[in-house]
Every structure is written in C-alpha cells, then in structure tokens.
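Structure file my_file03.cif; described as mmCIF, C-alpha atoms.
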data_my_file
loop_
_atom_site.label_atom_id
_atom_site.label_comp_id
_atom_site.auth_asym_id
_atom_site.auth_seq_id
_atom_site.Cartn_x
_atom_site.Cartn_y
_atom_site.Cartn_z
CA MET A 1 0.00 0.00 0.00
CA GLU A 2 1.01 3.62 -0.46
CA ILE A 3 2.94 5.32 2.35
CA LEU A 4 1.15 8.56 3.28
CA GLN A 5 4.01 10.91 4.02
CA ALA A 6 3.07 14.23 5.61
CA GLY A 7 2.41 17.11 3.23
CA ILE A 8 1.85 14.92 0.17
CA ASP A 9 -1.67 14.82 -1.33
CA PRO A 10 -3.52 15.65 1.91
CA GLY A 11 -6.95 15.55 0.24
CA SER A 12 -9.75 18.08 -0.14
CA ALA A 13 -10.49 19.18 3.45
CA ASP A 14 -10.64 22.89 4.26
CA HIS A 15 -7.45 22.65 6.33
CA TYR A 16 -4.51 20.30 6.73
CA LEU A 17 -2.38 19.73 9.84
CA TRP A 18 0.53 17.37 10.41
CA CYS A 19 2.99 16.54 13.15
CA THR A 20 6.09 18.68 13.61
CA PRO A 21 7.90 19.73 16.80
CA ASP A 22 5.90 22.99 16.53
CA THR A 23 2.43 21.43 16.21
CA VAL A 24 2.53 18.66 18.81
CA SER A 25 3.08 18.06 22.48
CA TRP A 26 4.45 14.75 23.70
CA GLY A 27 3.04 13.29 26.89
CA THR A 28 0.92 16.27 27.96
CA LEU A 29 -2.34 17.89 26.91
CA PRO A 30 -2.57 21.56 25.89
CA THR A 31 -3.74 24.22 28.35
CA ALA A 32 -5.78 27.37 27.83
CA ALA A 33 -2.47 29.26 27.47
CA THR A 34 -1.20 27.02 24.66
CA GLU A 35 -1.04 28.84 21.33
CA PRO A 36 -3.31 27.19 18.74
CA VAL A 37 -1.60 25.59 15.76
CA LEU A 38 -4.68 26.19 13.61
CA THR A 39 -7.71 28.50 13.82
CA LEU A 40 -10.87 27.82 11.87
CA ASP A 41 -14.60 28.51 11.66
CA SER A 42 -17.20 26.14 13.04
CA GLY A 43 -18.26 23.53 10.50
CA ARG A 44 -14.92 23.37 8.68
CA THR A 45 -13.08 20.16 7.89
CA VAL A 46 -9.48 19.28 8.72
CA THR A 47 -7.22 16.47 7.57
CA PHE A 48 -4.83 15.45 10.35
CA ASP A 49 -1.73 13.34 9.72
CA THR A 50 -1.27 11.68 13.10
CA VAL A 51 1.75 9.72 14.33
CA SER A 52 1.75 6.64 16.54
CA GLN A 53 4.22 6.62 19.42
CA GLU A 54 5.16 2.98 18.72
CA GLY A 55 8.75 2.82 17.48
CA LEU A 56 9.50 6.30 18.86
CA MET A 57 9.65 5.51 22.57
CA GLU A 58 12.83 5.42 24.64
CA ASP A 59 12.27 1.80 25.61
CA GLN A 60 12.22 0.97 21.88
CA GLY A 61 15.42 2.90 21.14
CA ARG A 62 13.79 6.19 20.08
CA ASP A 63 14.88 5.53 16.50
CA PRO A 64 11.95 4.42 14.31
CA VAL A 65 14.21 3.62 11.34
CA ALA A 66 16.25 1.15 13.40
CA TYR A 67 13.23 -0.15 15.27
CA PHE A 68 11.22 -1.03 12.18
CA ARG A 69 14.29 -2.26 10.28
CA GLN A 70 14.36 -5.31 12.57
CA TYR A 71 10.99 -6.26 11.06
CA GLY A 72 12.17 -5.80 7.48
CA VAL A 73 10.75 -2.30 6.98
CA HIS A 74 12.88 -0.15 4.67
CA ARG A 75 13.56 3.46 5.68
CA SER A 76 11.37 4.64 2.76
CA LYS A 77 8.38 3.06 4.53
CA VAL A 78 9.01 4.85 7.82
CA LEU A 79 7.19 8.17 8.18
CA ALA A 80 9.43 11.22 7.87
CA ASP A 81 7.46 13.07 10.57
CA ALA A 82 7.96 10.15 12.97
CA ILE A 83 11.72 10.28 12.31
CA GLU A 84 11.76 14.05 12.89
CA LEU A 85 9.85 13.82 16.18
CA ALA A 86 12.05 11.02 17.51
CA ALA A 87 15.18 13.04 16.73
CA SER A 88 13.82 16.21 18.35
CA ASP A 89 14.24 17.33 21.96
CA LEU A 90 10.49 17.69 22.34
CA ARG A 91 10.20 14.85 24.83
CA LYS A 92 12.34 15.88 27.78
CA PRO A 93 13.63 13.40 30.40
CA THR A 94 11.69 15.31 33.06
CA ALA A 95 8.40 15.23 31.13
CA PRO A 96 5.53 13.15 32.48
CA LYS A 97 6.05 9.54 31.47
CA ALA A 98 3.14 9.47 29.07
CA PRO A 99 3.64 8.18 25.55
CA HIS A 100 1.20 9.95 23.28
CA VAL A 101 2.09 12.40 20.50
CA VAL A 102 -0.72 14.99 20.61
CA LEU A 103 -1.49 17.08 17.50
CA GLY A 104 -3.11 20.47 18.24
CA PRO A 105 -4.71 22.47 19.70
CA VAL A 106 -7.16 23.71 17.07
CA HIS A 107 -9.06 26.89 17.95
CA VAL A 108 -12.66 26.94 16.72
CA ARG A 109 -14.07 30.45 16.47
CA GLY A 110 -17.12 31.08 18.64
CA ALA A 111 -16.61 28.06 20.92
CA GLN A 112 -17.19 28.87 24.59
CA PRO A 113 -17.33 26.92 27.85
CA GLY A 114 -20.79 25.42 28.17
CA ASP A 115 -20.98 24.68 24.45
CA TRP A 116 -20.24 21.32 22.86
CA LEU A 117 -17.81 20.45 20.10
CA ARG A 118 -19.15 17.92 17.62
CA VAL A 119 -16.41 15.97 15.86
CA ASP A 120 -17.62 14.12 12.76
CA PHE A 121 -15.12 11.49 11.63
CA LEU A 122 -15.22 11.48 7.82
CA GLU A 123 -12.16 9.46 6.76
CA MET A 124 -9.46 7.36 8.47
CA THR A 125 -6.69 5.84 6.39
CA PRO A 126 -3.58 3.94 7.54
CA ARG A 127 -0.43 5.87 6.67
CA VAL A 128 1.81 2.77 6.87
CA PRO A 129 1.20 -0.94 6.18
CA TYR A 130 2.07 -2.13 9.70
CA GLY A 131 1.12 -1.71 13.32
CA VAL A 132 2.44 -2.69 16.75
CA ILE A 133 0.80 -4.10 19.89
CA SER A 134 2.76 -3.61 23.12
CA SER A 135 2.66 -4.38 26.81
CA ARG A 136 5.26 -2.50 28.80
CA HIS A 137 6.49 -2.05 32.35
CA GLN A 138 3.72 -4.16 33.97
CA ARG A 139 1.03 -1.67 32.99
CA GLY A 140 -1.62 -4.10 31.72
CA ALA A 141 -4.55 -5.72 33.47
CA LEU A 142 -2.52 -8.79 34.59
CA PRO A 143 0.78 -7.32 35.82
CA GLU A 144 1.38 -10.09 38.37
CA ILE A 145 1.53 -12.79 35.71
CA LEU A 146 1.91 -11.31 32.21
CA PRO A 147 3.71 -10.69 29.96
CA ARG A 148 6.57 -13.19 30.35
CA ASP A 149 9.36 -14.25 28.01
CA VAL A 150 9.73 -17.94 27.15
CA ASP A 151 12.28 -18.31 29.97
CA GLY A 152 9.85 -16.85 32.48
CA SER A 153 11.63 -13.50 32.86
CA ILE A 154 9.70 -10.21 32.88
CA PRO A 155 10.42 -8.13 29.76
CA ALA A 156 10.40 -4.34 29.93
CA VAL A 157 8.49 -4.32 26.65
CA PHE A 158 6.72 -7.21 24.94
CA SER A 159 5.51 -6.34 21.43
CA LYS A 160 4.11 -7.84 18.26
CA PHE A 161 4.78 -6.31 14.85
CA CYS A 162 1.70 -6.84 12.67
CA PRO A 163 1.89 -6.24 8.89
CA LEU A 164 -1.27 -5.33 7.00
CA ASP A 165 -2.51 -7.26 3.99
CA ASP A 166 -2.51 -5.70 0.52
CA THR A 167 -6.01 -4.27 0.96
CA ALA A 168 -5.26 -2.89 4.47
CA ASP A 169 -8.40 -4.68 5.67
CA ARG A 170 -6.61 -7.04 8.06
CA ALA A 171 -3.41 -7.30 10.06
CA ARG A 172 -1.42 -10.51 10.55
CA PHE A 173 -0.67 -11.58 14.13
CA GLU A 174 2.00 -14.29 14.17
CA PHE A 175 2.29 -16.54 17.21
CA SER A 176 4.05 -19.72 18.25
CA GLY A 177 2.89 -22.33 15.79
CA GLY A 178 0.73 -20.20 13.54
CA ALA A 179 -0.86 -16.87 12.72
CA ALA A 180 -4.18 -15.10 13.24
CA THR A 181 -5.75 -12.10 11.56
CA ILE A 182 -7.10 -8.92 13.12
CA ASP A 183 -9.78 -7.01 11.24
CA MET A 184 -8.90 -3.36 10.74
CA ARG A 185 -11.24 -0.89 12.47
CA PRO A 186 -9.32 2.39 12.65
CA PHE A 187 -10.15 5.03 15.25
CA MET A 188 -8.42 7.68 17.33
CA GLY A 189 -7.68 6.54 20.86
CA LEU A 190 -7.17 10.10 22.05
CA CYS A 191 -9.49 12.99 21.09
CA GLY A 192 -10.46 15.89 23.24
CA VAL A 193 -10.87 19.55 24.03
CA THR A 194 -8.42 21.52 26.15
CA PRO A 195 -9.04 21.06 29.89
CA ALA A 196 -9.58 24.07 32.12
CA GLY A 197 -6.62 24.99 34.31
CA ASN A 198 -3.03 26.12 33.86
CA GLU A 199 -1.19 22.87 34.62
CA PRO A 200 -0.54 20.58 31.62
CA LEU A 201 -2.18 17.23 32.30
CA SER A 202 -0.69 13.85 31.43
CA THR A 203 -2.17 12.31 28.29
CA ILE A 204 -2.80 8.98 30.01
CA PRO A 205 -6.01 9.46 32.06
CA PRO A 206 -9.15 10.61 30.20
CA GLY A 207 -11.68 12.97 31.75
CA PRO A 208 -14.71 15.20 31.08
CA PHE A 209 -12.62 16.86 28.36
CA GLY A 210 -12.25 13.55 26.52
CA GLY A 211 -8.60 12.72 25.93
CA ASN A 212 -7.34 9.14 26.04
CA MET A 213 -10.79 7.51 26.03
CA ASP A 214 -9.95 4.53 23.76
CA VAL A 215 -13.55 4.13 22.58
CA ARG A 216 -13.33 1.67 19.70
CA GLU A 217 -16.75 2.69 18.33
CA MET A 218 -15.44 6.13 17.18
CA VAL A 219 -14.91 4.97 13.60
CA VAL A 220 -15.65 6.68 10.28
CA GLY A 221 -19.26 7.83 10.14
CA THR A 222 -19.61 8.49 13.87
CA SER A 223 -19.73 11.74 15.83
CA LEU A 224 -18.07 12.55 19.14
CA TYR A 225 -19.58 15.24 21.38
CA LEU A 226 -17.16 16.96 23.77
CA PRO A 227 -18.15 19.48 26.47
CA ILE A 228 -16.04 22.58 25.82
CA GLN A 229 -13.91 23.72 28.76
CA VAL A 230 -12.06 26.83 27.42
CA ASP A 231 -12.64 29.51 24.80
CA GLY A 232 -11.99 28.18 21.30
CA ALA A 233 -12.38 24.53 22.41
CA GLY A 234 -8.69 23.71 21.75
CA PHE A 235 -9.31 20.41 19.95
CA TYR A 236 -6.48 17.88 19.72
CA LEU A 237 -6.01 14.24 18.83
CA GLY A 238 -3.43 11.47 19.02
CA ASP A 239 -2.88 7.77 19.79
CA PRO A 240 -4.13 6.43 16.43
CA HIS A 241 -5.33 2.83 16.49
CA PHE A 242 -5.83 0.31 13.71
CA ALA A 243 -7.96 -1.97 15.90
CA GLN A 244 -8.77 -2.57 19.58
CA GLY A 245 -10.69 -4.98 21.72
CA ASN A 246 -12.91 -3.58 24.46
CA GLY A 247 -10.86 -3.60 27.64
CA GLU A 248 -7.48 -3.09 25.88
CA ILE A 249 -6.13 -5.39 28.60
CA ALA A 250 -2.42 -5.66 27.66
CA LEU A 251 -1.98 -1.83 27.57
CA THR A 252 -2.06 -0.89 23.88
CA ALA A 253 -4.29 -1.61 20.93
CA LEU A 254 -2.99 -2.36 17.44
CA GLU A 255 -1.24 0.99 17.15
CA GLY A 256 -0.45 2.64 13.83
CA SER A 257 -0.33 6.11 12.28
CA LEU A 258 -3.54 7.35 10.63
CA ARG A 259 -4.61 10.11 8.27
CA VAL A 260 -7.88 11.42 9.71
CA THR A 261 -10.36 13.87 8.23
CA ALA A 262 -12.93 15.37 10.61
CA ARG A 263 -15.46 18.18 10.73
CA LEU A 264 -15.42 20.39 13.85
CA THR A 265 -18.73 22.09 14.72
CA VAL A 266 -19.76 24.12 17.74
CA VAL A 267 -23.13 23.05 19.18
CA LYS A 268 -24.82 25.50 21.55
CA THR A 269 -28.21 23.84 22.10
CA LEU A 270 -27.15 20.56 23.68
CA SER A 271 -27.42 19.93 27.40
CA GLN A 272 -27.19 17.10 29.91
CA PRO A 273 -28.82 17.12 33.35
CA ARG A 274 -25.68 16.02 35.20
CA ALA A 275 -22.04 17.00 34.82
CA ALA A 276 -21.31 17.04 31.10
CA MET A 277 -19.33 14.08 29.79
CA PRO A 278 -18.38 13.11 26.24
CA PHE A 279 -20.68 10.82 24.30
CA VAL A 280 -20.68 9.21 20.85
CA ASP A 281 -23.39 9.20 18.17
CA THR A 282 -23.32 6.43 15.55
CA ASP A 283 -25.79 5.38 12.86
CA ASP A 284 -27.17 2.69 15.16
CA HIS A 285 -26.40 3.73 18.73
CA TRP A 286 -25.97 6.47 21.28
CA ILE A 287 -22.88 5.59 23.34
CA ILE A 288 -22.64 7.07 26.83
CA LEU A 289 -19.29 7.13 28.66
CA GLY A 290 -18.44 6.70 32.32
CA MET A 291 -14.90 7.27 33.65
CA ASN A 292 -13.38 6.81 37.09
CA GLU A 293 -10.25 5.41 38.75
CA SER A 294 -12.53 2.69 40.11
CA LEU A 295 -14.14 0.42 37.53
CA ASP A 296 -17.14 0.03 39.85
CA GLU A 297 -17.57 3.81 39.99
CA ALA A 298 -17.08 4.12 36.22
CA MET A 299 -19.96 1.64 35.82
CA ARG A 300 -22.11 3.57 38.27
CA GLN A 301 -21.39 6.89 36.53
CA CYS A 302 -22.13 5.37 33.13
CA ALA A 303 -25.45 4.01 34.41
CA GLU A 304 -26.44 7.38 35.88
CA LEU A 305 -25.49 9.28 32.72
CA SER A 306 -27.30 6.74 30.53
CA VAL A 307 -30.47 7.16 32.59
CA ASP A 308 -30.18 10.94 32.34
CA PHE A 309 -29.52 10.76 28.60
CA LEU A 310 -32.63 8.69 27.93
CA ALA A 311 -34.78 10.85 30.18
CA SER A 312 -33.59 13.95 28.35
CA TYR A 313 -33.78 12.58 24.79
CA THR A 314 -36.90 10.40 24.95
CA GLY A 315 -39.15 11.78 27.67
CA MET A 316 -38.86 8.64 29.83
CA THR A 317 -38.90 9.14 33.55
CA PRO A 318 -35.59 8.19 35.21
CA SER A 319 -37.25 5.10 36.70
CA GLU A 320 -38.50 4.01 33.28
CA ALA A 321 -35.07 4.60 31.74
CA TYR A 322 -33.49 2.54 34.54
CA LEU A 323 -35.69 -0.43 33.69
CA TYR A 324 -35.24 -0.05 29.93
CA LEU A 325 -31.45 -0.04 30.26
CA SER A 326 -31.55 -3.15 32.42
CA ALA A 327 -33.35 -4.97 29.61
CA ALA A 328 -31.82 -3.39 26.49
CA GLY A 329 -28.73 -1.31 27.30
CA ASP A 330 -25.35 -2.85 26.48
CA PHE A 331 -22.69 -1.92 29.05
CA SER A 332 -19.07 -2.72 28.11
CA VAL A 333 -15.66 -2.13 29.66
CA THR A 334 -13.96 0.42 27.42
CA GLN A 335 -10.46 0.13 28.85
CA VAL A 336 -8.80 -0.74 32.17
CA VAL A 337 -5.24 0.52 31.56
CA ASP A 338 -5.40 4.34 31.50
CA LEU A 339 -5.41 4.99 35.28
CA VAL A 340 -8.92 6.39 34.86
CA GLN A 341 -10.93 3.39 33.68
CA GLY A 342 -13.86 3.43 31.30
CA VAL A 343 -17.28 1.86 30.85
CA HIS A 344 -19.62 2.70 28.00
CA CYS A 345 -23.27 1.98 27.33
CA SER A 346 -24.62 1.42 23.81
CA ILE A 347 -28.29 2.39 23.40
CA ARG A 348 -29.97 1.18 20.20
CA LYS A 349 -31.56 4.00 18.21
CA LYS A 350 -33.97 1.68 16.40
CA ASP A 351 -35.81 1.12 19.67
CA PHE A 352 -36.83 4.79 19.57
CA ARG A 353 -37.48 5.36 15.86
CA SER A 354 -41.12 6.23 16.58
CA LEU A 355 -39.84 9.36 18.39
CA ASP A 356 -38.18 10.70 15.24
CA ARG A 357 -34.95 11.48 17.13
CA PRO A 358 -31.68 12.29 15.24
#

As a first step, turn the structure in this file into structure tokens.
Amino acid sequence: MEILQAGIDPGSADHYLWCTPDTVSWGTLPTAATEPVLTLDSGRTVTFDTVSQEGLMEDQGRDPVAYFRQYGVHRSKVLADAIELAASDLRKPTAPKAPHVVLGPVHVRGAQPGDWLRVDFLEMTPRVPYGVISSRHQRGALPEILPRDVDGSIPAVFSKFCPLDDTADRARFEFSGGAATIDMRPFMGLCGVTPAGNEPLSTIPPGPFGGNMDVREMVVGTSLYLPIQVDGAGFYLGDPHFAQGNGEIALTALEGSLRVTARLTVVKTLSQPRAAMPFVDTDDHWIILGMNESLDEAMRQCAELSVDFLASYTGMTPSEAYLYLSAAGDFSVTQVVDLVQGVHCSIRKKDFRSLDRP
C-alpha cells in the first residue's frame, strides 16, 4: 500500500495539519495558554496526519528507522514526521512519562465553555502498512503474571509487529505455531478539548474533556460530542489505532499512524442534566461514557449518565429509563489501563425510531 508521508496529497479538506515539533506536544495535553496551531470557523473540515508513538519511545530505542528495520521495513516506509519527532528534543527526560504524541490544539471560532464540540469522523486511512501491539512495564490488566518471556523473565516491553494485507483490511498476528488475523477498524484513541486549568495534564487518564478515552466505536461515520472547557475549544487528537478490543487489557491496541479527516462544529443547544461528559453518536447507537479510577464507579457513573440521557432525549422518567437499560442497554468495559478506567453503554436508536430522534 502507499505510504502517506506528511504534506503529500492531503486531500480536499478545508485545512490540513501534520505533526512537527511545533504542532505537537508529547506526553501532555494543551492548556488554555497554549497557542493554537490552527484557527478555523465552526463547521470546517481538517485532515490530520497523526503519528503513533510505537517505534518512537525510549524503551524501543527512540529511532523508528532502526526499530522497524528489525521487522524488514525499509527506511522509505518509515514516516518522515515520525523520524523528525524522535530526533527532536520535544520529549524531555523530566516530562511526564506518558507516551502519546498529541497534535493540536485547534481553535474553533465562537466556541465557549458550556458549548459542545461535535467531531464528525469522515475518513481514516492507515499511513503505513504495519502496526504494533505492546505491553510495557507491567502496565496491563494482569501485571502479576503477564507478559513473560519464554524463559519466564519479565520483559520491559513485549511487542508484536503486525503487517497489513494488501487491501489494508486485516493485520497478521503471528504466534508460536501459527498466525491469526485482526480485522482493521481504525479510530483515534485520544481525542479531546483543552481542559480548564493552567497545569498541563498527562495524556494517560481521560476525563470530562475527553482525551485518552480509547472508545473503539469512534470509527468513520460516527460523531463525538465533547463538552467545551475553554474559549476556542482547543481540539487535539493522538494515539491512532488500527484496531482494539474492548478492555485493551495488555496496555495498547494495534497501534499505527492514521490520516484522519474530521469536521469540527460548535453546538450550543445541547445539554445534559448532570455533569457534562463526552458521548458518541453512531448510525445505530448512542454511546454514553463513564470514567473513574474505580471500575465500579465508572460503571455507576455510566449508568447514571445513561439514565439521564434517555430521560432527556426520549421523555422517559428516570425510573422508566433505569428499567429499559436493564433490559436493552449494552454496558461494556472500554479500557482498564489508562489509570482512569472506562465503561460505555450502547443504546440502540432503532428502539426509539417512533420518536423521530436524530
């Protein structure tokens, strides 16, 4: 497949943004004082060339050319922007130990706290024909027992390099004695608006601002709603994924750089009864998110927000919504590895088609 180098044929969006040491932060989210790297009107489209952190990290040698060479990848198939970022001094030794390369922030004119930013995902295309799955430094869901090398020792990093097939529809996962395939389902693991406050936050835990949510349902054709925290919204994205299982138990998904086109629109008429949290709108479902350091509390928050959402959108009483969700809501563990853990509820739209809701 074609390698999508930054700056080459970026498509027909209104704006184009790619990763350079001047347009990204590494390991931290922007603050209200961060200068925007792009300013645009509500409703405009942007193509983002995002970069995966896999192959750039210190524990992988911080040299993507050398890292991917061990898997037979020629330098010409390594992204030039990944090479530039790895060679830069952007990621300081004293920086928070968070891995993500964050592209942004984007200032949207007219966006104010209390509004919502709607992010419509229009296109997502792999920039390279390979991805990486990693577990590192005992950060997965089973740190007491996995991962282990064949001799039983604990590796600092345990990774699988997964090449894509010629159509980029599947990735190949080789294992002892055979191989499996992973269906491609690209999405951005990290999307958000700039949090309120002056202290740059680590990219690892998500929050009401979005961030590292790892919601696998945010594929092409879906919309993400983010409660705006600061003037201009300050949209950013990072942590591109080729595929992920709910839970993301080993620490990472199938990570790989993506070219993403999205429309950013300010919405001023949307409200939620409780504290505003991001949610996702797909063709078939509303997806409500709960987040907390405790998985039990994330489940409780998700249940409360799902009840409130249905009461607001359908006219159900909270008690009626509670019963409906017990019979027809699908609650899933989003991820358990980002310090703040996630649960999401999928609510089928077809159950409410008589209400003529969007």

Query - Atomic separation - CA of Asp239 (chain A) relative to CA of Val73 (chain A), Å - result: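 Value for the CA of Val73 (chain A)-CA of Asp239 (chain A) distance: 21.2 Å.
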
Requested in this report: Would you kindly translate the PyMOL selection byres ((chain A and resi 328) around 10) into the concrete residues it picks from this file, as an NGL selection string?
Outcome: :A and (323-327 or 329-331 or 346-348 or 351)

Exactly which residues make up the result of the PyMOL selection byres ((chain A and resi 12) around 10) on this file, given as a PDB file with C-alpha atoms, in the coordinates of the input?
ATOM      1  CA  ASP A   9      -1.670  14.820  -1.330  1.00  0.00           C
ATOM      2  CA  PRO A  10      -3.520  15.650   1.910  1.00  0.00           C
ATOM      3  CA  GLY A  11      -6.950  15.550   0.240  1.00  0.00           C
ATOM      4  CA  ALA A  13     -10.490  19.180   3.450  1.00  0.00           C
ATOM      5  CA  ASP A  14     -10.640  22.890   4.260  1.00  0.00           C
ATOM      6  CA  HIS A  15      -7.450  22.650   6.330  1.00  0.00           C
ATOM      7  CA  TYR A  16      -4.510  20.300   6.730  1.00  0.00           C
ATOM      8  CA  THR A  45     -13.080  20.160   7.890  1.00  0.00           C
ATOM      9  CA  VAL A  46      -9.480  19.280   8.720  1.00  0.00           C
ATOM     10  CA  THR A  47      -7.220  16.470   7.570  1.00  0.00           C
ATOM     11  CA  THR A 261     -10.360  13.870   8.230  1.00  0.00           C
TER      12      THR A 261
END

Query raised in the report: Could you state the separation of CA of Met291 (chain A) and CA of Ser319 (chain A) in Å, given to one decimal place?
Result: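 About the pair CA of Met291 (chain A) and CA of Ser319 (chain A): they are 22.7 Å apart.
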
Query raised in the report: the PyMOL selection byres ((chain A and resi 133-139) around 6) on the file shown: which residues, as an MDAnalysis selection string?
Result: chainID A and resid 132 140 143 156:160 250:254

Query raised in the report: Which of these residues is nearest to Thr125 (chain A), using all atoms listed in the file: A:Thr203, A:Gln341, A:Thr50, A:Thr222?
Result: A:Thr50

Query raised in the report: region 189-200 of chain A: which residues within 8 Å, counting only C-alpha atoms, same-chain residues fewer than 5 positions away excluded, as an MDAnalysis selection string?
Result: chainID A and resid 28:33 105 209:216 226:230 233:241

Requested in this report: Tell me which of A:Leu355, A:Asp281, A:His74, A:Thr20 sits closest to Met316 (chain A), counting only C-alpha atoms.
Outcome: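 Of A:Leu355, A:Asp281, A:His74, A:Thr20, the one nearest Met316 (chain A), counting only C-alpha atoms, is A:Leu355.
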
Query raised in the report: Which of these, A:Leu289, A:Ala303, A:Leu258, A:Leu56, has the shortest distance to Met277 (chain A) once you count all atoms listed in the file?
Result: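 Selected residue with least distance to Met277 (chain A): A:Leu289.
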
Report task. List the neighbours of Asp284 (chain A) out to 8 Å using all atoms listed in the file; skip same-chain residues closer than 2 positions along the sequence, and give me the result as a list in words. Result ->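 Contacts, in chain order: Thr282, Trp286, Arg348, Lys349 and Lys350 of chain A.
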
File of the preceding selection, C-alpha atoms, as a PDB file, keeping the file's coordinate frame:
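Writing the result to out21.pdb gives the following:
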ATOM      1  CA  THR A 282     -23.320   6.430  15.550  1.00  0.00           C
ATOM      2  CA  TRP A 286     -25.970   6.470  21.280  1.00  0.00           C
ATOM      3  CA  ARG A 348     -29.970   1.180  20.200  1.00  0.00           C
ATOM      4  CA  LYS A 349     -31.560   4.000  18.210  1.00  0.00           C
ATOM      5  CA  LYS A 350     -33.970   1.680  16.400  1.00  0.00           C
TER       6      LYS A 350
END
